[in-house]
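The structure appears right after this line, and notes come after that.
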Amino acid sequence: MTLGVCYYPEHWAPEMGPEDAKRMARLGLSFARIGEFAWAPMEPEPGRYEFGWLDQAIENLHAEGLEVMLGTPTATPPKWLIDRHDDILAWDEEGRARGFGSRRHYCFSSETYREHSRRITEVMAKRYGGHPAVTMWQTDNEFGCHETVRSYSPMARDAFRGWLSAKYGDVAALNEAWGNVFWSMLYRSFDEVELPNLTATEANPSHWLDFYRFSSDQVMSFHREQVAIIRQYAPDAMITHNAMGYFTHYDHHDLGAEVDVLTWDSYPLGFLAQGPEDQSRTLRYLRQGDPDMAGFHHDLYRGCAPFAVIEQQPGPVNWAPDNPSPLPGMVRLWELECLAHGGRFSSVFRWRQAPFAQEQNHAGMLRPDSEPAAAFHETDEVAKELSLLSDDLASSKVALLFDYDSVWMSDIQPQGTGYDGLYVAKDWYAAARKLGADVDIVPQGTDLSGYAVVLVPSLLHLTAETAEALKTTEARVVIGPRCGSKDENGNIPDGLAPGPLRELIPLTVARSETVPEGAGGAVAGRGGWKAWRDECETALDPLWTDEAGRPVLYREGRTSMFAALPERELLTDYLAEVFAEAGMDAERLPAGLRLRRGCGLRFAFNYAPEAVRLPDALCSDDAFVIGGRELPPAGVSAWRET
Amino acid sequence: MTLGVCYYPEHWAPEMGPEDAKRMARLGLSFARIGEFAWAPMEPEPGRYEFGWLDQAIENLHAEGLEVMLGTPTATPPKWLIDRHDDILAWDEEGRARGFGSRRHYCFSSETYREHSRRITEVMAKRYGGHPAVTMWQTDNEFGCHETVRSYSPMARDAFRGWLSAKYGDVAALNEAWGNVFWSMLYRSFDEVELPNLTATEANPSHWLDFYRFSSDQVMSFHREQVAIIRQYAPDAMITHNAMGYFTHYDHHDLGAEVDVLTWDSYPLGFLAQGPEDQSRTLRYLRQGDPDMAGFHHDLYRGCAPFAVIEQQPGPVNWAPDNPSPLPGMVRLWELECLAHGGRFSSVFRWRQAPFAQEQNHAGMLRPDSEPAAAFHETDEVAKELSLLSDDLASSKVALLFDYDSVWMSDIQPQGTGYDGLYVAKDWYAAARKLGADVDIVPQGTDLSGYAVVLVPSLLHLTAETAEALKTTEARVVIGPRCGSKDENGNIPDGLAPGPLRELIPLTVARSETVPEGAGGAVAGRGGWKAWRDECETALDPLWTDEAGRPVLYREGRTSMFAALPERELLTDYLAEVFAEAGMDAERLPAGLRLRRGCGLRFAFNYAPEAVRLPDALCSDDAFVIGGRELPPAGVSAWRET
Amino acid sequence: MTLGVCYYPEHWAPEMGPEDAKRMARLGLSFARIGEFAWAPMEPEPGRYEFGWLDQAIENLHAEGLEVMLGTPTATPPKWLIDRHDDILAWDEEGRARGFGSRRHYCFSSETYREHSRRITEVMAKRYGGHPAVTMWQTDNEFGCHETVRSYSPMARDAFRGWLSAKYGDVAALNEAWGNVFWSMLYRSFDEVELPNLTATEANPSHWLDFYRFSSDQVMSFHREQVAIIRQYAPDAMITHNAMGYFTHYDHHDLGAEVDVLTWDSYPLGFLAQGPEDQSRTLRYLRQGDPDMAGFHHDLYRGCAPFAVIEQQPGPVNWAPDNPSPLPGMVRLWELECLAHGGRFSSVFRWRQAPFAQEQNHAGMLRPDSEPAAAFHETDEVAKELSLLSDDLASSKVALLFDYDSVWMSDIQPQGTGYDGLYVAKDWYAAARKLGADVDIVPQGTDLSGYAVVLVPSLLHLTAETAEALKTTEARVVIGPRCGSKDENGNIPDGLAPGPLRELIPLTVARSETVPEGAGGAVAGRGGWKAWRDECETALDPLWTDEAGRPVLYREGRTSMFAALPERELLTDYLAEVFAEAGMDAERLPAGLRLRRGCGLRFAFNYAPEAVRLPDALCSDDAFVIGGRELPPAGVSAWRET
Ligand SMILES: [Zn+2]
Ligand SMILES: [Zn+2]
Ligand SMILES: [Zn+2]
């Protein structure tokens with residue numbers, strides 16, 4: 001476990017480099033990420049390279065014993081490259097080319113751009129692949145940021161046709177899979193298929209679904225091209241890419257298979273307004289972030305590959321609607337939480353706040369005048385605490401199944417204002433964490449033996465392997481409404497929902513309804529349901545019904561299935577019963593407190609704006625390695641379990 | 001009076017056809033509507049027709065004694081047709097062609113498309129015009145759905161110029177009518193006139209008004225071309241087109257003159273979120289629909305032509321923001337309500353829920369697995385009740401004047417956030433229905449003799465015939481504010497508002513104001529006004545004033561005119577007085593209850609989510625033919641009046 | 001001080017002209033503004049001029065002793081001109097040409113249009129420059145209305161490149177100033193620079209800032225071309241242009257330098273919904289307008305040049321979301337308030353309400369039927385009161401610094417939902433007016449000696465002259481948070497915020513945070529802060545802190561600086577302390593009451609919907625020249641100070 005920082009030597013006078021490196025080393029950082037937006041400084045004119053500044057920057061870091069993560073600069077093709085080719089720019093859903101002047105303006109389907117992407121990657125890999133300091137490589141930056149996974153360009157259209165042809169072979173198979181007999185959408189050849197944007201009313205959901213899958217695949221093959229080149233020149237380097245939060249436009253399980261470590265960019269305050277939290281929770285957690293946001297993504301990406309945080313929010317950022325300061329201590333909390341969840345490293349974005357351009361109001365470890373900012377001091381604390389932590393990865397008793405294809409299906413056909421497959425999954429995750437559980441977020445097809453409880457919040461479609469794994473595990477399985485309601489084309493399965501889950505629990509969803517906020521039902525004394533409700537045919541008696549007598553929960557043996565989407569309170573209530581049966585902790589933690597086993601310890605993180613006290617049952621007073629029983633706001637405690 | 005269903009044999013295996021027809025017949029259905037989206041199955045390649053499947057489908061239905069309503073498939077031109085011609089697609093208000101991939105992507109002004117529309121219509125009419133089962137034809141489907149009446153294409157622009165030239169003859173007349181001397185908008189020829197979209201700020205309202213009229217006329221001539229061909233080959237067939245709810249983009253009175261029966265598509269739950277109801281009413285009527293939505297449209301379209309419902313919501317749909325399940329019994333209620341209002345038939349959309357494509361979450365009479373859904377059972381009930389109903393059409397004592405031109409004028413110049421000509425009319429309709437009245441919604445120029453009360457909620461412009469009819473009727477006339485404020489060009493009339501209404505009530509509107517929600521006034525003890533207020537010059541004393549002393553209502557003899565837009569409570573209060581004077585019922589019904597005379601009976605429909613009891617005065621206990629005095633939620637009662 | 005009216009003789013039958021002029025003269029008006037939208041009537045065909053109607057209109061006015069303000073008609077180029085040239089239309093931010101059919105459809109960067117602008121100006125100036133009645137000229141109309149300052153056309157792009165080249169000389173200087181090393185935005189030549197719209201994510205803020213400045217400069221040079229021509233033919237005429245309210249797209253200080261009088265268009269009710277007022281204040285002031293809106297703009301434009309109101313709202317308008325009627329007396333109040341603030345004249349828009357086209361629901365002095373409307377009668381009163389008023393301009397003790405460049409910086413980088421440089425300035429203005437102060441709103445570089453108090457609400461960037469003036473004035477200086485946080489390129493200054501203000505008060509802003517509504521802090525017993533907070537490093541003890549202990553206000557000698565954006569109550573509290581120190585009035589006025597010295601009197605204006613009583617301390621009972629101690633709603637009183 002190490003600490004690092006994102007660094008942009010090209011922004012600063014060359015003479016500042018040696019001192020920067022010295023301060024990083026003194027702080028206890030192990031590496032710096034550099035280079036990922038610097039195409040224009042590297043190649044100021046077509047074919048004329050200037051690497052002196054980068055050579056020097058790497059030397060400065062190397063001289064202080066720091067390792068380097070080098071980024072390919074393909075997120076920011078320079079203006080001269082755009083001007084030379086009219087087929088590089090991505091097109092937005094409104095059918096317009098996206099202009100130069102910021103970043104991520106390229107289309108993943110541009111063959112011209114891929115050629116230049118390979119060229120600049122090869123030039124860099126050749127030059128730096130053998131450098132002893134350059135031990136890590138990052139491809140590009142934040143694939144998909146600013147809605148850039150899905151491009152609606154002519155290049156994308158042509159590539160989509162090819163992708164469909166490869167998938168279906170025969171256009172009749174596509175017509176059948178999509179149900180194109182509906183509304184006379186039958187195609188006679190793949191070349192008749194258009195992109196699904198700008199149709200008179202909504203396009204066929206199967207059309208969108210394949211377009212989403214194609215778009216994700218294009219990201220993968222773009223990434224793979226760079227990886228192949230880097231591996232050639234730097235066979236031992238660790239290769240990564242940085243994912244984002246609350247972002248599902250490509251399949252991160254696919255990306256996980258193509259990297260050594262999957263890093264991600266964690267901005268707990270920035271994401272608060274983007275997430276699903278209501279106004280009162282937003283105000284409560286304004287300077288701490290949602291208590292489950294970071295944990296959810298740590299565990300989600302840990303389910304894709306070894307993971308780490310490469311961009312940790314250091315202070316106010318510039319891009320959320322409002323940008324508050326973190327409470328004192330939050331940067332340390334976030335860094336330790338990453339490591340506790342098994343993160344290989346945690347790295348702050350960025351070293352020094354830039355006084356110019358788009359992100360000038362984004363804090364760094366240093367202020368623009370090079371004085372230390374809060375993140376500097378808090379990282380200093382963490383650096384000193386590293387010696388208390390071991391490399392042990394704890395195992396979890398709870399698995400939560402998560403699937404990008406299913407999220408796409410609900411994104412494409414929400415059917416109601418209150419159902420979002422991603423946020424449903426996060427809600428279920430939060431309920432389990434509220435009870436103190438560690439959770440593995442796992443993909444379809446995962447072997448589920450060894451878990452005590454398996455959660456299936458929002459798998460609209462289940463693969464045969466998943467269905468089999470659910471049948472063979474000994475774990476208690478808790479399933480959300482709408483699960484199993486789709487086949488692999490996003491259509492209603494033969495025999496209706498819940499499809500293959502019927503083998504676990506004998507019921508059929510006769511119909512489903514969605515209702516607006518405020519129109520759900522209450523289960524006496526227990527909170528209520530919202531948004532989505534399945535009306536089931538079954539011989540089972542419902543375990544719970546709402547006050548209008550509508551079934552809310554069914555159970556058969558070790559399998560439970562909600563017939564209506566539980567609000568967090570109701571769900572937590574039920575998980576407490578299931579956890580208790582499984583011999584696990586089943587007490588609700590104080591509001592804002594989260595626990596996590598890792599690094600040989602058990603951690604407590606206080607996201608609440610008030611102090612909280614750890615329940616006595618959790619540990620004895622003399623077990624604390626970090627902190628103690630009372631956690632101030634932003635406080636962290638850790639103890640050794642016996 | 002009969003029952004029917006919408007049916008898509010092309011979606012299903014051919015061998016399912018005979019059994020489908022058998023079940024329809026057994027259920028008591030009289031007909032099936034088929035064919036209206038099936039261009040691609042009928043003509044899979046340019047000029048190569050495949051009618052075998054359709055022949056067989058018709059035979060299957062015919063064999064079971066079912067009649068067929070055959071739809072022309074022009075709402076869904078196939079991809080090969082779009083690819084062959086670049087002048088078929090409609091353009092949206094943003095100036096972009098609307099792409100293939102859903103439906104209604106054609107422009108009414110495309111001469112190329114009209115040629116193909118006539119061709120496919122003729123091919124079908126020739127083939128099936130003489131078939132004994134094919135007794136009804138539907139042109140196209142839902143003209144105007146997805147904002148498609150108004151196209152902003154070059155074809156539309158050219159046709160608009162021709163339409164203007166035909167209307168005005170001389171461009172000076174157009175300049176005069178529109179007031180183009182304002183802001184230097186004078187044209188030197190019709191070829192200088194552009195479409196009114198994408199101007200720097202709002203275009204001339206008269207420009208928009210003529211464009212709205214032109215667009216409506218284009219729909220009529222498109223429809224008329226198909227009708228002429230069908231009549232040629234099927235001179236005895238009933239011809240219809242299916243209208244929608246809360247939809248005013250073309251003039252339905254014009255369409256009424258071009259069909260034998262005007263059908264419409266009634267989705268009471270789907271329309272709830274689209275309509276004007278507030279949050280608390282939306283939650284109250286979530287699974288029943290607005291109590292006046294269906295009645296309003298039944299009576300509106302009955303004022304255009306003989307009417308029927310061709311698409312009745314059968315369960316949850318897929319296209320509203322949220323899609324709840326109807327309360328048990330609602331489908332029966334809606335079907336009976338249609339017949340009570342004089343509907344020729346009621347037909348459910350659709351036979352079997354499709355498991356694929358855009359509408360896969362739209363319920364049918366059967367589930368995708370062919371099991372009966374709620375609408376099947378409830379239609380079964382209605383089929384058995386048909387024998388209790390006669391063909392008698394009851395007459396109404398209340399007429400409500402409604403006009404599309406006036407709605408367009410207020411759409412184009414709302415002048416305030418709270419005035420919508422359509423919803424004002426619906427509010428007035430609801431107030432009359434709340435008092436138990438049956439209402440005829442009639443067009444301008446209707447002979448008004450024989451009515452006891454005439455309502456004029458939102459006629460911004462009145463024709464000379466209407467003014468004359470209002471003068472000569474003996475009925476009490478109640479007029480809304482803003483009426484008579486426009487001449488035929490949408491301009492302020494000579495002598496100011498209320499224009500020709502001044503001959504009924506001696507006042508002049510000196511100025512009008514609009515106010516936001518919460519800024520209206522209260523009439524002591526009676527509810528209040530909102531949104532719009534006319535300041536009048538008159539020798540009349542106001543009948544009612546608000547608490548600030550502002551006149552709210554004037555009366556002269558049998559004519560009353562509101563000087564401020566009454567909220568529903570205030571309006572109902574006044575209508576109760578007027579109805580009482582006219583010797584009509586004047587008691588408010590229990591919330592959610594609606595009455596209607598028809599089929600030789602008087603019906604009561606309970607839209608409330610709670611049981612309601614019919615007032616004793618309405619009927620004796622032994623008069624009930626259907627139901628009784630107590631109506632459960634979704635309950636229907638009917639009795640014979642003596 | 002005089003009264004005038006806007007008049008459109010081209011809208012009316014020629015025979016109405018003489019009577020119109022007579023009525024204007026009888027009413028006591030001194031002039032009429034005419035001609036500014038009449039290009040098509042003047043030049044109905046290319047090169048064929050028709051000036052007979054205008055000659056006659058001017059003669060009619062002249063015959064009655066009225067002067068004429070003649071407008072160039074360039075806000076409305078006729079259709080034939082647009083059709084002849086494809087490079088006249090402006091393009092919107094979405095990249096689309098803005099069509100003909102309303103007004104302001106031209107691009108300031110079109111050389112073709114400038115040629116025609118000069119041509120029509122010269123034709124008019126030649127013809128009317130020497131006419132004895134034509135004593136005033138207005139260029140164009142409302143530059144920038146409907147978002148037209150900033151055009152995204154190819155012509156604008158080319159002109160922007162030229163402007164940048166002239167500003168920076170060398171593209172390396174531009175790269176340095178903008179920080180283009182960030183995200184590889186480095187340019188190799190000015191011809192690589194695009195407009196900042198339609199980028200994948202936000203463009204560089206310095207890029208936007210220069211584009212805003214360029215766009216403002218284009219307006220100035222367009223205006224200057226017309227002025228040069230008019231001066232040539234009418235060297236003694238007064239030249240003006242009419243500005244708008246809450247509008248900052250061009251620099252009005254620049255425009256002030258290019259006119260003799262800066263007029264503006266005051267629509268107090270229309271602007272209410274556009275302004276920053278919350279729902280409860282909007283309802284309270286619905287028929288009066290915000291009590292500080294008109295005063296703020298009077299004083300703002302008085303800081304640019306001699307000022308006047310050329311368009312005074314006369315009744316309901318047509319363009320706000322809702323359009324209420326002013327309370328009786330409001331037009332008189334607004335007219336007198338303009339004169340009290342030093343306005344050279346006040347002129348109503350418009351003489352007679354037009355019954356056709358876009359503004360048919362916009363009131364006039366006369367109704368469409370030529371009967372007098374409220375504004376006629378109220379202007380009549382003012383005309384009679386003119387003799388009570390002298391030409392004296394009072395001097396103010398309070399200066400408020402305002403700067404367009406700073407507003408652009410906060411518009412481009414709001415960084416939070418609650419900070420708007422314009423509305424912050426207006427809030428501070430309102431707080432001072434609430435305490436009875438007269439306020440001068442002054443530009444950067446103003447000599448500040450002689451003022452008792454100087455307010456610096458939202459100067460993100462301060463010029464060296466401003467910093468110097470603040471250092472040398474004896475006045476108490478009160479500064480808002482965020483001031484001094486930008487250098488001249490919109491970047492973070494060396495040494496961080498507050499930049500040059502550090503010489504007045506010894507503190508450094510270590511970081512800043514923004515928070516959503518409801519997340520500010522309260523200062524015990526005094527109201528609170530909102531939206532923006534600076535965390536400062538300083539040896540100073542804070543003067544005020546919030547309940548969480550966060551510093552809110554610092555003071556050093558005569559300089560105070562808020563560390564968090566004060567809500568109006570908190571600010572008023574502090575200004576009361578500062579005013580008291582300075583020996584000024586420091587009592588809060590009754591809600592809705594505003595005072596102003598001018599015309600040799602002190603005025604009180606009652607914007608409240610209830611009557612208010614003037615504090616006895618203000619004046620003795622026998623000093624009143626207009627009104628008295630008790631002011632009804634819309635009441636005005638004035639007295640002579642001794
Ligand atoms: Zn980022
Ligand atoms: Zn439909
Ligand atoms: Zn204006």
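Scheme for the structure tokens: letters A, B, ... for chains in order shown; per-chain residue numbers from 1; ligand numbers from 1 in order shown.
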Per-residue nearest contacts of chain C to ligand 3 (10 Å; only C-alpha atoms and all ligand atoms) as a Markdown table:
| residue | atom | partner | partner_atom_place_in_ligand_line | distance |
| --- | --- | --- | --- | --- |
| C:Asn141 | CA | ligand 3 | 1 (Zn) | 7.8 |
| C:Glu142 | CA | ligand 3 | 1 (Zn) | 6.7 |
| C:Cys145 | CA | ligand 3 | 1 (Zn) | 7.9 |
| C:Asn242 | CA | ligand 3 | 1 (Zn) | 8.9 |
| C:Ala243 | CA | ligand 3 | 1 (Zn) | 9.3 |
| C:Met244 | CA | ligand 3 | 1 (Zn) | 7.8 |
| C:Trp264 | CA | ligand 3 | 1 (Zn) | 9.5 |
| C:Asp265 | CA | ligand 3 | 1 (Zn) | 6.6 |
| C:Ser266 | CA | ligand 3 | 1 (Zn) | 8.9 |
| C:Tyr267 | CA | ligand 3 | 1 (Zn) | 8.9 |
| C:Ile310 | CA | ligand 3 | 1 (Zn) | 10.0 |
| C:Glu311 | CA | ligand 3 | 1 (Zn) | 7.4 |
| C:Gln312 | CA | ligand 3 | 1 (Zn) | 9.7 |
| C:Gln313 | CA | ligand 3 | 1 (Zn) | 9.7 |
| C:Trp319 | CA | ligand 3 | 1 (Zn) | 9.6 |
| C:Phe349 | CA | ligand 3 | 1 (Zn) | 8.3 |
| C:Glu359 | CA | ligand 3 | 1 (Zn) | 9.7 |
| task | Restrict the distance test to only C-alpha atoms, flag each residue of chain C within 6 Å of chain A, and return the flagged residues as a PyMOL selection string. | result | chain C and resi 179+183-184+198-201+203-204+416-417+491-492+513-516
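If only C-alpha atoms are the atoms counted, then among C:Ala430, C:Val439, C:Leu195, C:Ala237 the closest residue to Trp137 (chain C) is C:Ala237.
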Just list as number ranges by chain whatever in region 252-344 of chain A DSSP marks as strand (DSSP E).
A: 261-266, 307-312
For this session: Determine, counting only C-alpha atoms, which protein, DNA and RNA residues have an atom within 10 Å of an atom of Leu61 (chain A); residues of the same chain fewer than 5 positions away are not included. Present the result as number ranges by chain.
Result: A: 17-22, 24-25, 30-32, 56, 66-68, 133
As a check of understanding: the span from CA of Ala510 (chain A) to CA of Gly275 (chain B) is 28.7 Å
Review point. If we count only C-alpha atoms, what is near Tyr212 (chain A) at a cut-off of 10 Å, once residues fewer than 6 positions away on the same chain are taken out, given as an NGL selection string?
Key: :A and (149-150 or 206 or 218 or 249-251 or 405 or 408-409 or 412)
Output file for the selection above: all heavy atoms, as a compact mmCIF listing (two decimals), in the first residue's frame:
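Below is the file that was written, result_23.txt:
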# COMPACT_ATOMS: atom_id res chain seq x y z
N VAL A 149 -18.52 8.24 -24.26
CA VAL A 149 -18.49 6.85 -24.72
C VAL A 149 -19.31 6.69 -25.99
O VAL A 149 -18.88 6.06 -26.95
CB VAL A 149 -19.00 5.89 -23.63
CG1 VAL A 149 -19.32 4.52 -24.23
CG2 VAL A 149 -17.96 5.75 -22.52
N ARG A 150 -20.48 7.30 -25.98
CA ARG A 150 -21.42 7.11 -27.09
C ARG A 150 -21.32 8.27 -28.06
O ARG A 150 -21.73 9.38 -27.76
CB ARG A 150 -22.84 6.97 -26.53
CG ARG A 150 -22.98 5.72 -25.69
CD ARG A 150 -24.18 5.71 -24.78
NE ARG A 150 -24.05 4.65 -23.79
CZ ARG A 150 -24.63 4.65 -22.59
NH1 ARG A 150 -25.41 5.66 -22.23
NH2 ARG A 150 -24.45 3.65 -21.76
N SER A 206 -34.03 -2.52 -27.95
CA SER A 206 -32.97 -3.47 -28.31
C SER A 206 -31.93 -2.81 -29.20
O SER A 206 -30.74 -3.16 -29.16
CB SER A 206 -33.57 -4.69 -29.03
OG SER A 206 -34.49 -5.36 -28.20
N GLN A 218 -16.19 -0.47 -28.16
CA GLN A 218 -15.26 0.42 -28.86
C GLN A 218 -14.24 1.00 -27.89
O GLN A 218 -13.06 1.15 -28.23
CB GLN A 218 -16.01 1.58 -29.54
CG GLN A 218 -16.90 1.16 -30.71
CD GLN A 218 -16.11 0.58 -31.85
OE1 GLN A 218 -15.94 -0.64 -31.93
NE2 GLN A 218 -15.63 1.42 -32.74
N HIS A 249 -21.27 3.94 -18.45
CA HIS A 249 -21.43 3.91 -19.91
C HIS A 249 -20.59 2.83 -20.59
O HIS A 249 -20.85 2.51 -21.74
CB HIS A 249 -21.14 5.29 -20.51
CG HIS A 249 -22.22 6.28 -20.22
ND1 HIS A 249 -22.36 7.46 -20.88
CD2 HIS A 249 -23.25 6.27 -19.32
CE1 HIS A 249 -23.40 8.13 -20.41
NE2 HIS A 249 -23.94 7.44 -19.46
N TYR A 250 -19.57 2.35 -19.93
CA TYR A 250 -18.91 1.14 -20.46
C TYR A 250 -18.91 0.08 -19.37
O TYR A 250 -19.15 0.38 -18.20
CB TYR A 250 -17.50 1.43 -21.00
CG TYR A 250 -16.52 1.91 -19.97
CD1 TYR A 250 -15.87 1.01 -19.12
CD2 TYR A 250 -16.21 3.25 -19.86
CE1 TYR A 250 -14.97 1.45 -18.16
CE2 TYR A 250 -15.31 3.71 -18.90
CZ TYR A 250 -14.70 2.80 -18.06
OH TYR A 250 -13.82 3.23 -17.11
N ASP A 251 -18.62 -1.13 -19.76
CA ASP A 251 -18.66 -2.26 -18.83
C ASP A 251 -17.31 -2.36 -18.11
O ASP A 251 -16.31 -2.74 -18.71
CB ASP A 251 -18.96 -3.55 -19.61
CG ASP A 251 -19.23 -4.71 -18.67
OD1 ASP A 251 -18.55 -4.81 -17.64
OD2 ASP A 251 -20.11 -5.52 -18.99
N ASP A 405 -24.89 -4.53 -18.12
CA ASP A 405 -25.94 -4.77 -19.10
C ASP A 405 -27.32 -4.49 -18.49
O ASP A 405 -28.20 -3.90 -19.13
CB ASP A 405 -25.87 -6.25 -19.52
CG ASP A 405 -25.83 -6.43 -21.01
OD1 ASP A 405 -25.06 -5.70 -21.68
OD2 ASP A 405 -26.57 -7.28 -21.52
N TRP A 408 -27.94 -0.81 -18.16
CA TRP A 408 -28.31 -0.24 -19.46
C TRP A 408 -29.77 -0.52 -19.77
O TRP A 408 -30.48 0.35 -20.30
CB TRP A 408 -27.40 -0.80 -20.56
CG TRP A 408 -25.96 -0.44 -20.37
CD1 TRP A 408 -25.45 0.60 -19.62
CD2 TRP A 408 -24.82 -1.12 -20.90
NE1 TRP A 408 -24.08 0.60 -19.67
CE2 TRP A 408 -23.65 -0.44 -20.44
CE3 TRP A 408 -24.64 -2.22 -21.73
CZ2 TRP A 408 -22.37 -0.83 -20.80
CZ3 TRP A 408 -23.35 -2.62 -22.09
CH2 TRP A 408 -22.23 -1.93 -21.62
N MET A 409 -30.23 -1.71 -19.48
CA MET A 409 -31.64 -2.03 -19.76
C MET A 409 -32.58 -1.11 -18.99
O MET A 409 -33.58 -0.64 -19.53
CB MET A 409 -31.92 -3.50 -19.41
CG MET A 409 -31.26 -4.48 -20.38
SD MET A 409 -31.55 -6.21 -19.89
CE MET A 409 -30.43 -7.07 -21.01
N ILE A 412 -32.40 2.46 -20.42
CA ILE A 412 -33.08 2.59 -21.71
C ILE A 412 -34.60 2.54 -21.52
O ILE A 412 -35.34 3.25 -22.19
CB ILE A 412 -32.61 1.45 -22.65
CG1 ILE A 412 -31.14 1.70 -23.06
CG2 ILE A 412 -33.50 1.35 -23.89
CD1 ILE A 412 -30.48 0.50 -23.72
* Asked: Among region 76-248 of chain B, which residues carry a DSSP assignment of helix (DSSP H, G or I), reported as a ChimeraX atom specification?
  -> /B:79-84,111-128,154-168,171-178,182-184,190-192,205-233
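Each of A:Asp86, A:Glu587, A:Glu93, A:Glu258 was compared to Ser110 (chain A) using only C-alpha atoms, and A:Asp86 turns out to be the nearest.
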Task: Close residues, Gly130 (chain A) itself excluded, 10 Å, only C-alpha atoms, min 6 positions apart in chain, as a ChimeraX atom specification - done: /A:233-237
Same residues, N, CA, C and O atoms, saved as a CSV table (one decimal), in the first residue's frame:
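Writing done, so here's again.csv:
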chain,number,residue,atom,x,y,z
A,233,TYR,N,6.9,-2.7,-25.1
A,233,TYR,CA,8.1,-1.9,-24.7
A,233,TYR,C,8.3,-1.9,-23.2
A,233,TYR,O,9.4,-1.6,-22.8
A,234,ALA,N,7.3,-2.3,-22.5
A,234,ALA,CA,7.4,-2.2,-21.0
A,234,ALA,C,6.7,-3.4,-20.4
A,234,ALA,O,5.7,-3.3,-19.8
A,235,PRO,N,7.3,-4.6,-20.7
A,235,PRO,CA,6.5,-5.9,-20.4
A,235,PRO,C,6.2,-6.0,-18.9
A,235,PRO,O,5.3,-6.7,-18.6
A,236,ASP,N,7.0,-5.4,-18.0
A,236,ASP,CA,6.8,-5.6,-16.6
A,236,ASP,C,6.0,-4.5,-15.9
A,236,ASP,O,5.7,-4.6,-14.7
A,237,ALA,N,5.7,-3.5,-16.7
A,237,ALA,CA,5.0,-2.3,-16.1
A,237,ALA,C,3.5,-2.7,-15.7
A,237,ALA,O,2.9,-3.6,-16.3
Closest of A:Val309, A:Leu504, A:Ala340, A:Ala125 to Tyr554 (chain A), counting only C-alpha atoms, is A:Leu504
Exercise for the section: Name the residues in contact with Ser395 (chain C) at a cut-off of 10 Å, using only C-alpha atoms, excluding same-chain residues fewer than 3 positions from it; report them as a ChimeraX atom specification. Expected result: /C:392,398,438-440,450-451,597-598
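What separates CA of Ser153 (chain C) from CA of Phe211 (chain C) is a distance of 12.7 Å.
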Nearest to Asp487 (chain A), restricted to only C-alpha atoms and choosing among A:Phe376, A:Trp178, A:Phe605, A:Tyr423, comes out as A:Trp178
Residues within 10 Å of region 478-486 of chain B, please, as a ChimeraX atom specification. Count only C-alpha atoms; anything in the same chain fewer than 4 positions from it doesn't count. /B:400-401,406,409-410,419,421,424-425,428,453-463,467,490-502,509,512,532-535,552-555,558-566,571,574-575,578 /C:355-356
Among B:Phe108, B:Phe271, B:Tyr49, B:Tyr168, ligand 2 is approached most closely, using only C-alpha atoms and all ligand atoms, by B:Phe271
